[in-house]
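Undergrad: For reference, the structure I am asking about is given below.
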Amino acid sequence: MPTLSQCAVSAMEYSKAAEQYEDSWRPGYAERLMRMVRPKPGQHVLDLCCGTGLCLFLLAEALHESNNHLDGGVVIGIDGSPEMLSVAKAKCLTKPHLRNRIRLLQHDVTALEQLGEPHVTPNTYDTIVCSCSFVLFDNPEAVVKRWRRYLKAPVYPPPAHKRHKKDESAAVHARFRHYEPGGTLVVDIPHEASNLGEVIMERVARRLGLKFPSNRSWVKSVDSFREILERNGFKVERVVELDRVSGRGALKYTAYMAVDIYNSMCRSSAFQTMVESARPGFTMAGVVANGLQVFMEEFLREVGPDGRVYESDTMYIYVARRTS
Ligand SMILES: C[S@@+](CC[C@H](N)C(=O)[O-])C[C@H]1O[C@@H](n2cnc3c(N)ncnc32)[C@H](O)[C@@H]1O
C-alpha cells in the first residue's frame with residue numbers, strides 16, 4: 001500500500017467525527033482565539049485547516065460588521081476533509097448574509113502552490129489563521145516558509161542612500177516615509193505537556209515503526225515555534241499563553257494512572273487512524289498489546305521528583321508579522 005500523505009491521514013481521522021466535532025470545548029476555544037484577530041474592513045483572510053468553520057464564521061461576521069455590512073473582505077477556508085467542509089457548507093446555507101464573504105476549498109494546505117491562482121494568490125492576504133491544526137504537519141518549518149509568501153509583503157521606505165538630493169520636497173519626503181506592515185500569521189500550538197497521552201503515544205508509535213497522526217516532538221517550550229517563525233521572515237509580535245483550553249485545567253497523574261491513560265488513548269480516533277493507515281501487518285489488537293509496555297516506559301520518563309506527571313491545559317498563541 002503506498003504511504004498516505006499527512007493530509008490524507010488527517011482527512012481520514014476528521015471525516016469520521018465531523019458531525020460531532022463541535023460537541024466539545026472547541027467552539028468556546030475558537031471564540032477566545034478569535035477575540036485576538038479582528039479583521040479590518042475589506043481585508044482578505046485565509047483560514048487554513050478551517051475544518052467545520054469555527055474560526056471562519058467568526059472571522060466572516062467580524063468582517064461583515066466592521067464593513068458596515070458593505071461588500072469587500074473575504075475569508076477563504078481550506079481543508080483536506082470533505083466531511084468537515086460539508087459541515088461548514090451546511091452552516092453557510094444558514095447564514096446568507098455571509099455568502100459573499102466566504103469561500104471554501106478542499107485542498108492540502110501544505111501544498112497551496114498546487115491549488116494555485118486564482119484560488120490563492122501570493123502576497124495577498126492580511127491574515128492567515130491556523131487553529132488546532134499546526135501540530136498535525138510533518139515539517140513545521142517548511143510550512144511556515146511556504147505560507148509566508150501568501151501574506152502581504154511589507155512595504156519599506158527606500159534606504160536614505162538611495163534618495164536623490166532633488167527628491168527632498170515635502171511630498172517626496174512623505175512618500176519615502178511610507179511604510180506598510182506585512183500580513184499577520186496567527187497559529188496556536190499546544191503546550192509541550194498538554195494532552196500528554198498524545199505526546200507519549202507519538203513516541204510509542206515511532207518505537208513500534210508506526211506514524212501517529214500528530215507531530216509534537218519538536219515542541220520543547222514556548223520558544224520552539226517562536227524560533228521557527230523568526231528563522232523564516234517573521235517578527236513575533238505577541239505570544240499569549242491561553243489557559244484552561246479544554247476547561248479541565250492542569251492535572252497531575254501518578255504512575256498508576258498510566259494504564260488508564262493508555263486505554264483511553266487506544267480508544268481515540270487518532271490511535272485508530274494510526275493503525276488503519278499503517279502498512280499491512282499491523283492489527284489493532286497487536287498494536288494495543290505491543291504498545292502497552294512501551295507506553296509505560298515512556299510515561300515513567302515523565303515522572304517528576306514528586307512522583308507525579310504533570311499535564312497542562314494551555315495553548316500558545318503566536319501572532320507574527322511577515323517582515324520580508
Ligand atoms: C482539529 S481540526 C481543526 C479545525 C478548525 N481549524 C478548528 O479550529 O476547529 C484539524 C483540521 O485540519 C485538517 N487538516 C489537517 N491536515 C491538513 C492538510 N495538510 N491540509 C488540509 N487540511 C488539513 C483536518 O482535515 C481537520 O479538519
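Numbering starts fresh at 1 for the residues of each chain in the C-alpha cells, the chains themselves are lettered A, B, ... in the order given, and ligands are numbered from 1 as they appear.
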List as a PyMOL selection string the protein and nucleic acid residues lying within 9 Å of ligand 1, with only C-alpha atoms and all ligand atoms counted.
TA: chain A and resi 5-15+18+21-22+26-27+29-30+47-56+78-85+106-112+129-138
Undergrad: List the spatial neighbours of A:Arg301 as a list in words - criterion: any atom at most 10 Å away, only C-alpha atoms, same-chain residues fewer than 6 positions off excluded.
TA: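 Within the cut-off, the hits are Ile200, Phe295 and Val309 of chain A.
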Undergrad: Create the file for the chosen residues now, containing C-alpha atoms and written as a PDB file, in the first residue's frame.
TA:
ATOM      1  CA  ILE A 200       3.667   9.845  24.704  1.00  0.00           C
ATOM      2  CA  PHE A 295       3.833   3.394  26.758  1.00  0.00           C
ATOM      3  CA  VAL A 309       3.308  13.515  35.915  1.00  0.00           C
TER       4      VAL A 309
END
Undergrad: DSSP on the backbone, then: every residue of stretch 192-288 of chain A marked helix (DSSP H, G or I), written as a ChimeraX atom specification.
TA: /A:196-208,223-231,255-266,269-276,284-288
Undergrad: Hey, can you spit out that residue selection with C-alpha atoms as a PDB file, in the first residue's frame?
TA:
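Listed below is the output, out21.pdb:
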ATOM      1  CA  LEU A 196       0.243  14.134  27.454  1.00  0.00           C
ATOM      2  CA  GLY A 197      -1.242  10.817  26.346  1.00  0.00           C
ATOM      3  CA  GLU A 198      -0.925  12.033  22.765  1.00  0.00           C
ATOM      4  CA  VAL A 199       2.689  13.210  23.221  1.00  0.00           C
ATOM      5  CA  ILE A 200       3.667   9.845  24.704  1.00  0.00           C
ATOM      6  CA  MET A 201       1.722   7.895  22.106  1.00  0.00           C
ATOM      7  CA  GLU A 202       3.673   9.680  19.374  1.00  0.00           C
ATOM      8  CA  ARG A 203       6.888   8.279  20.873  1.00  0.00           C
ATOM      9  CA  VAL A 204       5.349   4.826  21.232  1.00  0.00           C
ATOM     10  CA  ALA A 205       4.288   4.903  17.583  1.00  0.00           C
ATOM     11  CA  ARG A 206       7.822   5.800  16.488  1.00  0.00           C
ATOM     12  CA  ARG A 207       9.288   2.954  18.528  1.00  0.00           C
ATOM     13  CA  LEU A 208       6.800   0.485  17.034  1.00  0.00           C
ATOM     14  CA  ASP A 223      10.206  29.271  22.248  1.00  0.00           C
ATOM     15  CA  SER A 224      10.115  26.356  19.791  1.00  0.00           C
ATOM     16  CA  PHE A 225       7.603  27.890  17.388  1.00  0.00           C
ATOM     17  CA  ARG A 226       8.854  31.436  18.016  1.00  0.00           C
ATOM     18  CA  GLU A 227      12.279  30.355  16.736  1.00  0.00           C
ATOM     19  CA  ILE A 228      10.790  28.765  13.617  1.00  0.00           C
ATOM     20  CA  LEU A 229       8.909  31.995  12.866  1.00  0.00           C
ATOM     21  CA  GLU A 230      11.965  34.185  13.439  1.00  0.00           C
ATOM     22  CA  ARG A 231      14.132  31.995  11.193  1.00  0.00           C
ATOM     23  CA  ALA A 255       2.377   6.376  37.618  1.00  0.00           C
ATOM     24  CA  TYR A 256      -0.533   4.056  38.495  1.00  0.00           C
ATOM     25  CA  MET A 257      -2.776   6.006  36.145  1.00  0.00           C
ATOM     26  CA  ALA A 258      -0.655   5.209  33.079  1.00  0.00           C
ATOM     27  CA  VAL A 259      -2.717   2.147  32.120  1.00  0.00           C
ATOM     28  CA  ASP A 260      -5.976   4.137  32.191  1.00  0.00           C
ATOM     29  CA  ILE A 261      -4.417   6.848  30.035  1.00  0.00           C
ATOM     30  CA  TYR A 262      -3.094   4.212  27.636  1.00  0.00           C
ATOM     31  CA  ASN A 263      -6.521   2.582  27.349  1.00  0.00           C
ATOM     32  CA  SER A 264      -8.218   5.890  26.664  1.00  0.00           C
ATOM     33  CA  MET A 265      -5.590   6.695  24.004  1.00  0.00           C
ATOM     34  CA  CYS A 266      -6.265   3.312  22.353  1.00  0.00           C
ATOM     35  CA  SER A 269      -9.731   8.327  16.780  1.00  0.00           C
ATOM     36  CA  ALA A 270      -6.056   9.316  16.344  1.00  0.00           C
ATOM     37  CA  PHE A 271      -4.949   5.856  17.512  1.00  0.00           C
ATOM     38  CA  GLN A 272      -7.444   4.126  15.235  1.00  0.00           C
ATOM     39  CA  THR A 273      -6.326   6.239  12.284  1.00  0.00           C
ATOM     40  CA  MET A 274      -2.699   5.393  13.090  1.00  0.00           C
ATOM     41  CA  VAL A 275      -3.422   1.659  12.828  1.00  0.00           C
ATOM     42  CA  GLU A 276      -5.753   1.954   9.819  1.00  0.00           C
ATOM     43  CA  MET A 284      -5.447  -3.165  16.179  1.00  0.00           C
ATOM     44  CA  ALA A 285      -5.138  -5.993  18.725  1.00  0.00           C
ATOM     45  CA  GLY A 286      -1.419  -6.419  18.001  1.00  0.00           C
ATOM     46  CA  VAL A 287      -0.605  -2.724  18.337  1.00  0.00           C
ATOM     47  CA  VAL A 288      -2.670  -2.380  21.532  1.00  0.00           C
TER      48      VAL A 288
END
Undergrad: From the list A:Ala193, A:Met34, A:Val319, A:Val75, which residue is nearest A:Ala250 when using only C-alpha atoms?
TA: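 Counting only C-alpha atoms, the residue closest to A:Ala250 is A:Ala193.
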Undergrad: Kindly indicate which residue among A:Ser24, A:Ser86, A:Thr314, A:Thr323 lies nearest to A:Asp188, using only C-alpha atoms for the distances.
TA: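 Of all the options, A:Thr314 lies closest to A:Asp188.
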Undergrad: Which residues come within 7 Å of A:Ile128, counting only C-alpha atoms, excluding same-chain residues fewer than 4 positions away, as a list in words?
TA: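 The residues satisfying every condition are Val45, Leu46, Asp47, Thr184, Leu185 and Val186 of chain A.
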Undergrad: Selected residues, N, CA and C atoms, written as a short mmCIF file (atom, residue, chain, number, x, y, z; two decimals), in the first residue's frame, please.
TA:
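Writing the result to part.cif gives the following:
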data_model
loop_
_atom_site.label_atom_id
_atom_site.label_comp_id
_atom_site.auth_asym_id
_atom_site.auth_seq_id
_atom_site.Cartn_x
_atom_site.Cartn_y
_atom_site.Cartn_z
N VAL A 45 -8.58 37.22 4.27
CA VAL A 45 -8.10 36.32 5.31
C VAL A 45 -8.10 34.88 4.78
N LEU A 46 -7.08 34.12 5.15
CA LEU A 46 -7.05 32.69 4.84
C LEU A 46 -7.20 31.93 6.15
N ASP A 47 -8.15 30.99 6.22
CA ASP A 47 -8.25 30.12 7.39
C ASP A 47 -7.82 28.73 6.92
N THR A 184 -0.27 39.19 8.73
CA THR A 184 -0.09 38.57 10.05
C THR A 184 -0.46 37.09 10.02
N LEU A 185 0.37 36.30 10.68
CA LEU A 185 0.09 34.86 10.82
C LEU A 185 -0.34 34.60 12.27
N VAL A 186 -1.46 33.91 12.43
CA VAL A 186 -1.94 33.57 13.79
C VAL A 186 -2.03 32.04 13.86
#
Undergrad: Compare A:Ala90, A:Asn215, A:Leu242, A:Asp313 by their minimum atom-to-atom distance to A:Arg35, counting only C-alpha atoms, and give me the closest one.
TA: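 For A:Arg35, the nearest of the given residues is A:Leu242.
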Undergrad: Would you mind writing down, as a list in words, each residue of stretch 56-216 of chain A that DSSP on the backbone assigns to strand (DSSP E or B)?
TA: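 Checking each residue of stretch 56-216 of chain A, the strand (DSSP E or B) ones are Val74, Val75, Ile76, Gly77, Ile78, Asp79, Ile102, Arg103, Leu104, Leu105, Gln106, Tyr125, Thr127, Ile128, Val129, Cys130, Leu151, Val155, Glu180, Thr184, Leu185, Val186, Val187, Asp188, Ile189, Pro190 and Ser194 of chain A.
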Undergrad: For those residues, write N, CA and C atoms to a file as a short mmCIF file (atom, residue, chain, number, x, y, z; two decimals), in the first residue's frame.
TA:
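Contents of selection_3.cif, as written:
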data_model
loop_
_atom_site.label_atom_id
_atom_site.label_comp_id
_atom_site.auth_asym_id
_atom_site.auth_seq_id
_atom_site.Cartn_x
_atom_site.Cartn_y
_atom_site.Cartn_z
N VAL A 74 -12.94 39.15 2.44
CA VAL A 74 -13.29 37.75 2.18
C VAL A 74 -12.49 36.85 3.10
N VAL A 75 -13.09 35.74 3.52
CA VAL A 75 -12.35 34.70 4.25
C VAL A 75 -12.38 33.44 3.39
N ILE A 76 -11.20 32.94 3.07
CA ILE A 76 -11.12 31.69 2.31
C ILE A 76 -10.75 30.59 3.29
N GLY A 77 -11.60 29.58 3.38
CA GLY A 77 -11.32 28.44 4.27
C GLY A 77 -10.87 27.25 3.43
N ILE A 78 -9.76 26.64 3.82
CA ILE A 78 -9.24 25.48 3.08
C ILE A 78 -9.05 24.32 4.05
N ASP A 79 -9.51 23.16 3.64
CA ASP A 79 -9.35 21.97 4.47
C ASP A 79 -9.28 20.73 3.58
N ILE A 102 -17.45 34.32 2.13
CA ILE A 102 -16.81 33.04 2.45
C ILE A 102 -16.58 32.23 1.19
N ARG A 103 -15.38 31.67 1.08
CA ARG A 103 -15.12 30.67 0.04
C ARG A 103 -14.52 29.44 0.71
N LEU A 104 -14.99 28.27 0.31
CA LEU A 104 -14.48 27.03 0.92
C LEU A 104 -13.84 26.17 -0.15
N LEU A 105 -12.64 25.67 0.14
CA LEU A 105 -11.91 24.87 -0.85
C LEU A 105 -11.37 23.61 -0.18
N GLN A 106 -11.40 22.52 -0.92
CA GLN A 106 -10.81 21.28 -0.40
C GLN A 106 -9.41 21.12 -1.00
N TYR A 125 -2.73 38.18 1.33
CA TYR A 125 -3.62 38.08 2.50
C TYR A 125 -3.11 38.93 3.67
N THR A 127 -4.25 38.40 6.74
CA THR A 127 -4.11 37.48 7.88
C THR A 127 -4.24 36.04 7.42
N ILE A 128 -3.40 35.18 7.98
CA ILE A 128 -3.58 33.73 7.85
C ILE A 128 -3.81 33.19 9.26
N VAL A 129 -4.88 32.42 9.41
CA VAL A 129 -5.20 31.80 10.69
C VAL A 129 -5.07 30.29 10.54
N CYS A 130 -4.48 29.63 11.53
CA CYS A 130 -4.46 28.17 11.53
C CYS A 130 -4.67 27.72 12.98
N LEU A 151 1.11 35.86 2.46
CA LEU A 151 0.77 37.08 3.21
C LEU A 151 1.24 38.29 2.43
N VAL A 155 5.87 46.95 2.93
CA VAL A 155 6.45 47.96 2.03
C VAL A 155 7.28 48.88 2.90
N GLU A 180 4.21 50.14 4.94
CA GLU A 180 3.01 49.30 5.13
C GLU A 180 3.47 47.98 5.74
N THR A 184 -0.27 39.19 8.73
CA THR A 184 -0.09 38.57 10.05
C THR A 184 -0.46 37.09 10.02
N LEU A 185 0.37 36.30 10.68
CA LEU A 185 0.09 34.86 10.82
C LEU A 185 -0.34 34.60 12.27
N VAL A 186 -1.46 33.91 12.43
CA VAL A 186 -1.94 33.57 13.79
C VAL A 186 -2.03 32.04 13.86
N VAL A 187 -1.20 31.45 14.72
CA VAL A 187 -1.15 29.99 14.83
C VAL A 187 -1.16 29.62 16.30
N ASP A 188 -1.86 28.55 16.66
CA ASP A 188 -1.80 28.06 18.04
C ASP A 188 -1.05 26.72 18.09
N ILE A 189 -0.30 26.56 19.16
CA ILE A 189 0.49 25.33 19.34
C ILE A 189 0.24 24.85 20.78
N PRO A 190 -0.13 23.60 20.97
CA PRO A 190 -0.35 23.12 22.34
C PRO A 190 0.94 23.14 23.16
N SER A 194 0.69 19.45 27.22
CA SER A 194 -0.77 19.33 27.17
C SER A 194 -1.14 18.04 26.43
#
